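Data from data24.tsv: TSV, C-alpha atoms
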chain	number	residue	atom	x	y	z
A	732	MET	CA	0.00	0.00	0.00
A	733	ALA	CA	2.00	3.01	1.25
A	734	ALA	CA	5.69	3.24	0.41
A	735	PRO	CA	8.22	3.43	3.26
A	736	GLY	CA	8.81	7.21	2.48
A	737	ASN	CA	5.17	7.92	2.89
A	738	LEU	CA	5.04	6.13	6.21
A	739	ALA	CA	7.22	8.79	7.78
A	740	VAL	CA	4.98	11.51	6.39
A	741	LEU	CA	1.95	9.71	7.71
A	742	GLU	CA	3.48	9.45	11.18
A	743	SER	CA	4.13	13.18	11.43
A	744	ASP	CA	0.70	13.88	10.12
A	745	LEU	CA	-0.83	11.57	12.68
A	746	GLN	CA	0.32	13.73	15.54
A	747	SER	CA	-1.20	16.93	14.10
A	748	ALA	CA	-4.33	15.02	13.12
A	749	VAL	CA	-4.89	13.86	16.69
A	750	THR	CA	-4.54	17.40	18.08
A	751	LEU	CA	-6.83	18.73	15.38
A	752	LEU	CA	-9.45	16.14	16.16
A	753	LYS	CA	-9.30	16.99	19.83
A	754	ASN	CA	-9.75	20.70	19.06
A	755	LEU	CA	-12.60	19.85	16.78
A	756	GLN	CA	-14.36	17.89	19.45
A	757	ASP	CA	-14.11	20.72	21.98
A	758	GLN	CA	-15.39	23.27	19.51
A	759	VAL	CA	-18.22	21.06	18.37
A	760	MET	CA	-19.39	20.64	21.94
A	761	ALA	CA	-19.35	24.42	22.51
A	762	VAL	CA	-21.23	25.11	19.29
A	763	THR	CA	-23.82	22.45	20.07
A	764	ALA	CA	-24.50	23.99	23.45
A	765	GLN	CA	-24.99	27.43	21.89
A	766	VAL	CA	-27.23	26.15	19.14
A	767	GLN	CA	-29.38	24.29	21.62
A	768	ALA	CA	-29.79	27.41	23.76
A	769	LEU	CA	-30.72	29.43	20.66
A	770	THR	CA	-33.23	26.82	19.50
A	771	LYS	CA	-34.90	26.86	22.89
A	772	LYS	CA	-35.20	30.64	22.78
A	773	VAL	CA	-36.63	30.62	19.26
A	774	GLN	CA	-39.11	27.96	20.20
A	775	ALA	CA	-40.10	30.04	23.22
A	776	ARG	CA	-40.88	32.92	20.76
A	777	ALA	CA	-38.32	35.29	22.22
A	778	TYR	CA	-37.54	36.66	18.74
A	779	PRO	CA	-40.76	37.62	17.00
A	780	THR	CA	-40.05	38.55	13.40
A	781	GLU	CA	-43.48	39.26	11.93
A	782	LYS	CA	-43.06	43.03	12.10
A	783	GLY	CA	-39.42	43.01	11.06
A	784	LEU	CA	-37.76	43.58	7.73
A	785	SER	CA	-38.61	40.70	5.42
A	786	LEU	CA	-35.24	40.91	3.74
A	787	LEU	CA	-33.50	40.08	6.97
A	788	GLU	CA	-35.87	37.17	7.55
A	789	VAL	CA	-35.12	35.79	4.09
A	790	LYS	CA	-31.43	36.09	4.76
A	791	ASP	CA	-31.80	34.25	8.04
A	792	GLN	CA	-33.61	31.35	6.41
A	793	LEU	CA	-31.12	31.15	3.57
A	794	LEU	CA	-28.18	31.05	5.93
A	795	LEU	CA	-29.80	28.29	7.96
A	796	MET	CA	-30.40	26.22	4.86
A	797	TYR	CA	-26.82	26.77	3.83
A	798	LEU	CA	-25.62	25.51	7.17
A	799	MET	CA	-27.81	22.44	6.99
A	800	ASP	CA	-26.53	21.48	3.55
A	801	LEU	CA	-22.97	22.10	4.63
A	802	THR	CA	-23.32	19.80	7.64
A	803	HIS	CA	-24.88	17.16	5.42
A	804	LEU	CA	-21.86	17.37	3.14
A	805	ILE	CA	-19.42	17.16	6.03
A	806	LEU	CA	-21.25	14.12	7.34
A	807	ASP	CA	-21.03	12.39	4.01
A	808	LYS	CA	-17.36	13.27	3.58
A	809	ALA	CA	-16.44	12.22	7.10
A	810	SER	CA	-18.04	8.81	6.55
A	811	GLY	CA	-15.99	8.35	3.41
A	812	GLY	CA	-18.40	9.21	0.62
A	813	SER	CA	-17.46	11.34	-2.40
A	814	LEU	CA	-18.94	14.72	-3.23
A	815	GLN	CA	-19.21	14.03	-6.95
A	816	GLY	CA	-22.68	14.98	-8.17
A	817	HIS	CA	-23.99	15.32	-4.63
A	818	ALA	CA	-27.38	17.00	-4.58
A	819	ALA	CA	-26.43	19.15	-1.61
A	820	VAL	CA	-23.64	20.78	-3.65
A	821	LEU	CA	-26.13	22.11	-6.16
A	822	ARG	CA	-28.35	23.42	-3.40
A	823	LEU	CA	-25.37	25.12	-1.78
A	824	VAL	CA	-24.40	26.80	-4.99
A	825	GLU	CA	-27.94	28.06	-5.48
A	826	ILE	CA	-28.14	29.49	-1.99
A	827	ARG	CA	-24.74	31.10	-2.40
A	828	THR	CA	-25.79	32.84	-5.61
A	829	VAL	CA	-28.93	34.19	-4.01
A	830	LEU	CA	-26.96	35.55	-1.05
A	831	GLU	CA	-24.53	37.28	-3.39
A	832	LYS	CA	-27.39	38.93	-5.25
A	833	LEU	CA	-28.89	40.13	-2.00
A	834	ARG	CA	-25.75	41.98	-1.03
A	835	PRO	CA	-26.45	45.27	-2.96
A	836	LEU	CA	-29.96	45.37	-1.49
A	837	ASP	CA	-28.32	45.09	1.87
A	838	GLN	CA	-26.14	48.04	1.04
A	839	LYS	CA	-29.15	50.16	0.15
A	840	LEU	CA	-30.96	49.32	3.35
A	841	LYS	CA	-27.91	49.88	5.52
A	842	TYR	CA	-28.92	53.41	6.58
A	843	GLN	CA	-32.43	52.40	7.50
A	844	ILE	CA	-31.30	49.37	9.47
A	845	ASP	CA	-28.69	51.36	11.35
A	846	LYS	CA	-31.21	54.01	12.29
A	847	LEU	CA	-33.73	51.44	13.44
A	848	VAL	CA	-31.18	49.67	15.55
A	849	LYS	CA	-30.04	52.94	17.11
A	850	THR	CA	-33.60	53.95	17.85
A	851	ALA	CA	-34.32	50.58	19.37
A	852	VAL	CA	-31.26	50.80	21.57
A	853	THR	CA	-31.49	54.42	22.70
A	854	GLY	CA	-35.26	54.82	22.56
A	855	ILE	CA	-35.34	58.32	20.98
A	856	LEU	CA	-34.57	59.89	17.61
A	857	SER	CA	-31.24	61.65	17.31
A	858	GLU	CA	-31.06	65.42	17.03
A	859	ASN	CA	-30.02	65.57	13.41
A	860	ASP	CA	-32.67	63.20	12.23
A	861	PRO	CA	-34.54	64.89	9.37
A	862	LEU	CA	-37.71	63.05	10.38
A	863	ARG	CA	-38.02	65.53	13.19
A	864	PHE	CA	-38.63	68.33	10.69
A	865	LYS	CA	-41.70	66.86	9.11
A	866	PRO	CA	-44.80	69.07	9.08
A	867	HIS	CA	-47.23	68.74	11.95
A	868	PRO	CA	-50.79	69.44	10.84
A	869	SER	CA	-51.87	69.27	14.47
A	870	ASN	CA	-49.87	72.43	15.06
A	871	MET	CA	-51.87	74.42	12.57
A	872	MET	CA	-54.73	76.49	13.90
A	873	SER	CA	-58.00	76.14	12.14
A	874	LYS	CA	-59.34	79.47	11.00
A	875	LEU	CA	-62.88	78.28	11.64
A	876	SER	CA	-62.53	77.90	15.38
A	877	SER	CA	-63.30	81.07	17.28
A	878	GLU	CA	-61.63	80.33	20.61
A	879	ASP	CA	-57.91	80.71	20.99
A	880	GLU	CA	-56.17	77.38	20.96
A	881	GLU	CA	-52.79	76.93	22.41
A	882	GLU	CA	-50.01	76.49	19.99
A	883	ASP	CA	-47.69	73.57	20.19
A	884	GLU	CA	-44.41	75.18	21.07
A	885	ALA	CA	-42.64	71.87	21.44
A	886	GLU	CA	-40.57	71.47	18.32
A	887	GLY	CA	-39.13	74.76	17.23
A	888	GLN	CA	-37.43	72.83	14.50
A	889	SER	CA	-40.71	72.11	12.81
A	890	GLU	CA	-40.70	75.73	11.65
A	891	ALA	CA	-37.73	74.95	9.53
A	892	SER	CA	-39.76	72.61	7.38
A	893	GLY	CA	-41.64	75.54	5.95
A	894	LYS	CA	-45.09	74.82	7.36
A	895	LYS	CA	-45.64	77.60	9.85
A	896	SER	CA	-48.45	77.48	12.34
A	897	VAL	CA	-51.16	80.01	11.70
A	898	LYS	CA	-51.38	82.51	14.52
A	899	GLY	CA	-54.83	83.16	15.84
A	900	THR	CA	-54.02	86.21	17.99
A	901	VAL	CA	-52.64	89.26	16.22
A	902	LYS	CA	-49.33	90.24	17.70
A	903	LYS	CA	-47.51	93.50	17.28
A	904	TYR	CA	-45.15	93.48	14.33
A	905	VAL	CA	-41.57	93.63	15.52
A	906	PRO	CA	-39.21	94.43	12.64
A	907	PRO	CA	-36.14	92.27	12.41
A	908	ARG	CA	-33.13	93.77	14.05
A	909	LEU	CA	-30.26	94.03	11.64
A	910	VAL	CA	-26.87	93.75	13.21
A	911	PRO	CA	-25.19	97.13	13.06
A	912	VAL	CA	-21.78	96.95	11.45
A	913	HIS	CA	-18.94	98.84	12.94
A	914	TYR	CA	-17.88	101.84	10.88
A	915	ASP	CA	-14.33	102.78	11.49
A	916	GLU	CA	-13.05	104.53	8.42
A	917	THR	CA	-10.60	106.86	9.96
A	918	GLU	CA	-9.49	110.20	8.65
A	919	ALA	CA	-6.27	108.63	7.42
A	920	GLU	CA	-8.13	106.06	5.34
A	921	ARG	CA	-10.29	108.73	3.81
A	922	GLU	CA	-7.21	110.69	2.90
A	923	LYS	CA	-5.71	107.62	1.32
A	924	LYS	CA	-8.81	106.99	-0.75
A	925	ARG	CA	-8.94	110.58	-1.89
A	926	LEU	CA	-5.31	110.40	-2.89
A	927	GLU	CA	-5.92	107.20	-4.82
A	928	ARG	CA	-8.70	108.79	-6.77
A	929	ALA	CA	-6.65	111.89	-7.50
A	930	ARG	CA	-3.82	109.71	-8.76
A	931	LYS	CA	-6.12	107.85	-11.10
A	932	ARG	CA	-7.49	111.10	-12.44
A	933	ALA	CA	-4.00	112.49	-12.91
A	934	LEU	CA	-2.86	109.40	-14.81
A	935	SER	CA	-5.55	109.86	-17.42
A	936	SER	CA	-5.05	113.59	-17.82
A	937	SER	CA	-3.89	115.07	-21.12
A	938	VAL	CA	-0.39	115.96	-19.91
A	939	ILE	CA	0.46	112.41	-18.93
A	940	ARG	CA	-1.15	110.99	-22.05
A	941	GLU	CA	0.92	113.18	-24.30
A	942	LEU	CA	4.06	112.21	-22.45
A	943	LYS	CA	3.15	108.57	-22.96
A	944	GLU	CA	2.61	109.09	-26.66
A	945	GLN	CA	5.92	110.88	-26.94
A	946	TYR	CA	7.95	108.08	-25.43
A	947	SER	CA	6.13	105.03	-26.64
A	948	ASP	CA	6.91	103.25	-29.91
A	949	ALA	CA	3.36	102.41	-30.72
A	950	PRO	CA	1.82	104.22	-33.69
A	951	GLU	CA	-0.34	107.22	-32.97
A	952	GLU	CA	-4.03	106.46	-32.89
A	953	ILE	CA	-6.56	109.10	-33.72
A	954	ARG	CA	-9.81	107.96	-32.29
A	955	ASP	CA	-13.10	109.62	-31.91
A	956	ALA	CA	-13.16	108.56	-28.30
A	957	ARG	CA	-15.60	109.66	-25.70
A	958	HIS	CA	-14.54	112.02	-23.01
A	959	PRO	CA	-12.29	110.07	-20.63
A	960	HIS	CA	-13.86	111.68	-17.60
A	961	VAL	CA	-17.47	110.66	-17.62
A	962	THR	CA	-19.15	113.37	-15.67
A	963	ARG	CA	-22.44	112.86	-13.97
A	964	GLN	CA	-24.12	115.10	-16.47
A	965	SER	CA	-22.92	113.11	-19.44
A	966	GLN	CA	-24.02	109.88	-17.78
A	967	GLU	CA	-27.45	111.29	-17.14
A	968	ASP	CA	-27.68	112.49	-20.70
A	969	GLN	CA	-26.77	109.09	-22.01
A	970	HIS	CA	-29.36	107.48	-19.76
A	971	ARG	CA	-31.99	109.90	-20.97
A	972	ILE	CA	-31.18	109.26	-24.62
A	973	ASN	CA	-31.36	105.51	-24.13
A	974	TYR	CA	-34.70	105.77	-22.42
A	975	GLU	CA	-36.14	108.03	-25.09
A	976	GLU	CA	-35.06	105.82	-27.94
A	977	SER	CA	-36.31	102.64	-26.36
A	978	MET	CA	-39.66	104.00	-25.26
A	979	MET	CA	-40.13	106.21	-28.34
A	980	VAL	CA	-41.20	109.18	-26.28
A	981	ARG	CA	-39.72	112.59	-25.67
A	982	LEU	CA	-39.17	113.61	-22.09
A	983	SER	CA	-39.49	117.21	-21.00
A	984	VAL	CA	-36.53	118.96	-19.42
A	985	SER	CA	-37.05	121.18	-16.43
A	986	LYS	CA	-35.44	124.57	-16.06
A	987	ARG	CA	-32.97	123.29	-13.56
A	988	GLU	CA	-31.92	120.51	-15.87
A	989	LYS	CA	-31.46	122.96	-18.71
A	990	GLY	CA	-29.24	125.12	-16.56
A	991	ARG	CA	-27.11	122.17	-15.58
A	992	ARG	CA	-26.68	121.10	-19.13
A	993	LYS	CA	-25.75	124.54	-20.25
A	994	ARG	CA	-23.12	124.83	-17.59
A	995	ALA	CA	-21.65	121.46	-18.49
A	996	SER	CA	-21.53	122.24	-22.20
A	997	VAL	CA	-19.98	125.64	-21.66
A	998	MET	CA	-17.12	123.99	-19.85
A	999	ASN	CA	-16.36	121.74	-22.83
A	1000	SER	CA	-17.11	123.93	-25.79
A	1001	GLN	CA	-14.88	126.91	-25.10
A	1002	LEU	CA	-11.17	126.92	-25.75
A	1003	HIS	CA	-10.91	125.98	-22.14
A	1004	SER	CA	-8.75	122.95	-22.56
A	1005	LEU	CA	-6.08	124.85	-24.47
A	1006	THR	CA	-4.64	126.63	-21.52
A	1007	HIS	CA	-6.06	124.87	-18.50
A	1008	PHE	CA	-4.47	121.60	-17.56
A	1009	SER	CA	-5.76	119.16	-15.01
A	1010	ASP	CA	-4.02	118.84	-11.71
A	1011	ILE	CA	-1.29	116.19	-11.56
A	1012	SER	CA	-0.01	116.98	-8.12
A	1013	ALA	CA	-1.10	113.52	-6.98
A	1014	LEU	CA	1.75	112.07	-9.04
A	1015	THR	CA	4.33	114.77	-8.60
A	1016	GLY	CA	3.73	115.23	-4.92
A	1017	GLY	CA	3.25	118.97	-4.89
A	1018	THR	CA	0.35	120.90	-3.45
A	1019	PRO	CA	-2.92	120.69	-5.37
A	1020	HIS	CA	-3.35	123.94	-7.24
A	1021	LEU	CA	-6.34	125.13	-9.16
A	1022	ASP	CA	-6.94	127.74	-11.79
A	1023	GLU	CA	-8.97	130.74	-10.82
A	1024	ASP	CA	-12.13	130.02	-12.70
A	1025	GLN	CA	-12.45	126.41	-11.70
A	1026	ASN	CA	-14.49	125.22	-8.75
A	1027	PRO	CA	-12.55	125.11	-5.49
A	1028	ILE	CA	-11.98	121.83	-3.75
A	1029	LYS	CA	-14.77	121.40	-1.23
A	1030	LYS	CA	-13.74	120.62	2.30
A	1031	ARG	CA	-15.89	118.18	4.22
A	1032	LYS	CA	-18.04	119.98	6.70
A	1033	LYS	CA	-19.12	118.20	9.84
A	1034	ILE	CA	-22.33	120.22	10.15
A	1035	PRO	CA	-25.35	117.92	9.84
A	1036	LYS	CA	-27.67	118.66	6.97
A	1037	LYS	CA	-31.00	120.20	7.73
A	1038	SER	CA	-33.98	118.20	6.63
A	1039	ARG	CA	-35.27	119.51	3.32
A	1040	LYS	CA	-38.91	119.97	3.99
A	1041	LYS	CA	-41.11	121.93	1.69
A	1042	THR	CA	-41.62	124.83	4.04
A	1043	GLY	CA	-43.45	127.44	2.09
A	1044	PHE	CA	-42.95	128.30	-1.50
A	1045	ARG	CA	-39.71	126.97	-2.93
A	1046	ARG	CA	-38.05	129.56	-5.09
A	1047	ARG	CA	-37.46	128.25	-8.57
A	1048	ARG	CA	-34.05	129.25	-9.74
B	1109	MET	CA	-38.34	103.06	-35.29
B	1110	VAL	CA	-35.75	105.68	-34.52
B	1111	THR	CA	-35.13	107.95	-37.47
B	1112	ASP	CA	-31.90	109.84	-38.03
B	1113	VAL	CA	-32.01	112.65	-40.56
B	1114	LEU	CA	-28.90	114.25	-42.00
B	1115	HIS	CA	-29.45	117.74	-43.42
B	1116	PRO	CA	-26.11	119.51	-43.72
B	1117	ARG	CA	-26.23	123.29	-44.08
B	1118	LYS	CA	-30.02	123.30	-43.89
B	1119	ALA	CA	-32.64	123.85	-41.27
B	1120	THR	CA	-34.44	120.97	-39.64
B	1121	THR	CA	-36.42	119.02	-42.21
B	1122	PRO	CA	-40.17	119.42	-41.87
B	1123	LYS	CA	-42.16	116.33	-40.98
B	1124	THR	CA	-43.97	116.20	-44.33
B	1125	GLU	CA	-40.70	115.79	-46.19
B	1126	ILE	CA	-39.56	113.06	-43.85
B	1127	ARG	CA	-42.86	111.29	-44.38
B	1128	GLU	CA	-42.41	111.37	-48.14
B	1129	LYS	CA	-38.90	109.98	-47.86
B	1130	LEU	CA	-40.07	107.17	-45.61
B	1131	THR	CA	-42.90	106.19	-47.93
B	1132	LYS	CA	-40.41	105.95	-50.77
B	1133	MET	CA	-38.03	103.86	-48.69
B	1134	TYR	CA	-40.66	101.44	-47.42
B	1135	LYS	CA	-42.91	101.52	-50.46
B	1136	THR	CA	-46.17	102.24	-48.70
B	1137	THR	CA	-48.79	104.92	-48.85
B	1138	PRO	CA	-48.14	108.14	-46.98
B	1139	ASP	CA	-51.25	107.94	-44.86
B	1140	VAL	CA	-49.96	105.07	-42.70
B	1141	VAL	CA	-46.64	106.79	-41.95
B	1142	PHE	CA	-46.38	108.90	-38.80
B	1143	VAL	CA	-43.29	110.76	-37.60
B	1144	PHE	CA	-42.88	112.73	-34.42
B	1145	GLY	CA	-40.44	113.92	-31.77
B	1146	PHE	CA	-37.64	115.37	-33.89
B	1147	ARG	CA	-34.80	117.02	-32.04
B	1148	THR	CA	-31.84	118.59	-33.77
B	1149	HIS	CA	-28.41	117.87	-32.34
B	1150	PHE	CA	-26.15	120.62	-31.20
B	1151	GLY	CA	-24.45	122.31	-34.13
B	1152	GLY	CA	-27.11	121.39	-36.68
B	1153	ASP	CA	-26.75	118.91	-39.59
B	1154	LYS	CA	-28.40	116.01	-37.82
B	1155	SER	CA	-31.69	115.40	-36.11
B	1156	THR	CA	-33.21	112.35	-34.48
B	1157	GLY	CA	-36.84	111.41	-34.11
B	1158	PHE	CA	-39.29	108.55	-34.17
B	1159	GLY	CA	-41.29	107.12	-37.02
B	1160	ARG	CA	-44.17	104.67	-37.21
B	1161	ILE	CA	-45.52	102.74	-40.16
B	1162	TYR	CA	-48.75	100.79	-39.87
B	1163	ASP	CA	-49.85	97.76	-41.81
B	1164	SER	CA	-53.34	98.96	-42.53
B	1165	LEU	CA	-55.66	101.89	-42.01
B	1166	ASP	CA	-57.59	100.01	-39.34
B	1167	TYR	CA	-54.54	99.47	-37.19
B	1168	ARG	CA	-53.59	103.07	-37.58
B	1169	LYS	CA	-56.97	104.21	-36.44
B	1170	LYS	CA	-56.93	101.94	-33.41
B	1171	ASN	CA	-53.37	102.35	-32.20
B	1172	GLU	CA	-52.29	105.86	-33.01
B	1173	PRO	CA	-52.96	108.55	-30.42
B	1174	LYS	CA	-55.61	111.07	-31.31
B	1175	HIS	CA	-53.43	114.15	-31.42
B	1176	ARG	CA	-51.24	112.63	-34.12
B	1177	LEU	CA	-54.28	111.65	-36.17
B	1178	ALA	CA	-55.47	115.23	-35.76
B	1179	ARG	CA	-52.21	116.48	-37.24
B	1180	HIS	CA	-53.05	114.59	-40.41
B	1181	GLY	CA	-56.61	115.74	-40.41
B	1182	LEU	CA	-58.14	112.35	-39.64
B	1183	TYR	CA	-59.63	113.29	-36.32
B	1184	GLU	CA	-61.42	116.32	-35.06
B	1185	LYS	CA	-61.36	117.10	-31.39
B	1186	LYS	CA	-64.58	118.35	-29.86
B	1187	LYS	CA	-64.16	121.80	-28.47
B	1188	THR	CA	-66.03	121.47	-25.20
B	1189	SER	CA	-66.61	124.66	-23.31
B	1190	ARG	CA	-65.57	124.97	-19.70
B	1191	LYS	CA	-68.77	126.58	-18.57
B	1192	PRO	CA	-71.72	124.24	-18.10
Target encoding structure tokens, full file:
Amino acid sequence: MAAPGNLAVLESDLQSAVTLLKNLQDQVMAVTAQVQALTKKVQARAYPTEKGLSLLEVKDQLLLMYLMDLTHLILDKASGGSLQGHAAVLRLVEIRTVLEKLRPLDQKLKYQIDKLVKTAVTGILSENDPLRFKPHPSNMMSKLSSEDEEEDEAEGQSEASGKKSVKGTVKKYVPPRLVPVHYDETEAEREKKRLERARKRALSSSVIRELKEQYSDAPEEIRDARHPHVTRQSQEDQHRINYEESMMVRLSVSKREKGRRKRASVMNSQLHSLTHFSDISALTGGTPHLDEDQNPIKKRKKIPKKSRKKTGFRRRR
Amino acid sequence: MVTDVLHPRKATTPKTEIREKLTKMYKTTPDVVFVFGFRTHFGGDKSTGFGRIYDSLDYRKKNEPKHRLARHGLYEKKKTSRKP
């Protein structure tokens, strides 16, 4: 039968086989005890599953069947039979396939199962549970009832769902308090801003532009460009023109408006720009100077403005 | 539409002339063409105004304001007296 070389192998195997068998026996006894305890509990209806998730029930049954077939196979193998074409193998394969297919369903239900388990263990819903924010029709007051019913003040979070309870009593309207923002633009910052603006204006003045043209290599462009300094008057004019052309109506101009326009056009139409140059002291660092006929720089006055009420007849200038 | 009229070295074109020009351009009859609101730009030579051309006499009668119809003689305003 076995060659003398194999005998030695068999002897060493024998030792490990004996220890394995002993281990097996111990474990089998432990498992049997547990299974018997479980069976007793199930038979005593300690685990009612009628109201549970049917998926979990199906999984339970499938796993049990799998175990039964597996034990059947082990029995056959241990008593020396072969597994070729055994019916239990086919059944095992079928159950295995079904369990594999159930795994993605399990994944989808994971959140629900976890929540249910947590609720069962702790007894209450957690704070962040969105189920808390569902609308409560019992909180709404019926407009038909005449007596004042008490409102359910319990869940303030139910307001967040968008269904507000209708108030029966009329309460005084309290406007929402906006948070006042701290204003701390100091004098220095104002100075800085003013200087920035003066610098920008100086950069686009005619003196600097001509210097740029003199020293740059780019070809001279003669463009019919708009006035680089868009004054308020020109902006208003443009706005008026756009409105008139889109609405196809002609708007009337008041006397005051006419005066303003005249003043603005006088400034541009004379040979004013020949001899009067804009102030570039912001770039050169000197003191801001002005020509005699230009408007003086206004200093900020700290006197509060009087309210412009129509007291009496307003003189039309 | 917005109408721009160029008239170098001349005074502002009267509305009747502009109407004739528009009828020639759009190949309609002059009684459905209405122009109004002409303002001459500073310095002369160019003026801008509005023009309206209707598809039919019915539309013109319904949609055009009465004072413009009166300018063409198609509407007579009743001179009601102030005193009762």
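The smallest atom-to-atom distance between chain B and any of A:Met979, A:Ala764, A:Val961, A:Ile805, using only C-alpha atoms, is found for A:Met979.
If only C-alpha atoms are the atoms counted, then among B:Tyr1167, B:Met1109, B:Asp1139, B:Phe1144 the closest residue to Lys1123 in chain B is B:Phe1144.
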Residues of chain A within 9 Å of chain B, counting all atoms listed in the file - could you list those as a PyMOL selection string? chain A and resi 976-977+979-981
In file coordinates, which residues lie within 12 Å of (-46.3, 106.2, -49.9) using all atoms listed in the file, given as a ChimeraX atom specification? /B:1124-1142,1161-1162
Hey, can you check how far CA of Leu926 in chain A sits from CA of Ala1013 in chain A?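 Going from CA of Leu926 in chain A over to CA of Ala1013 in chain A, I get 6.6 Å.
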So, counting only C-alpha atoms, which residue among B:Ser1155, B:Lys1174, B:Ser1164, B:His1149 is closest to Pro1122 in chain B?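 Using only C-alpha atoms, Pro1122 in chain B sits closest to B:Ser1155.
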Each side padded by 3 Å, which centre and which edge lengths in Å (one decimal) define the axis-aligned box around the listed atoms of range 769-780 of chain A? Give them as JSON.
{"center_x": -35.8, "center_y": 32.7, "center_z": 18.3, "size_x": 16.2, "size_y": 17.7, "size_z": 15.8}
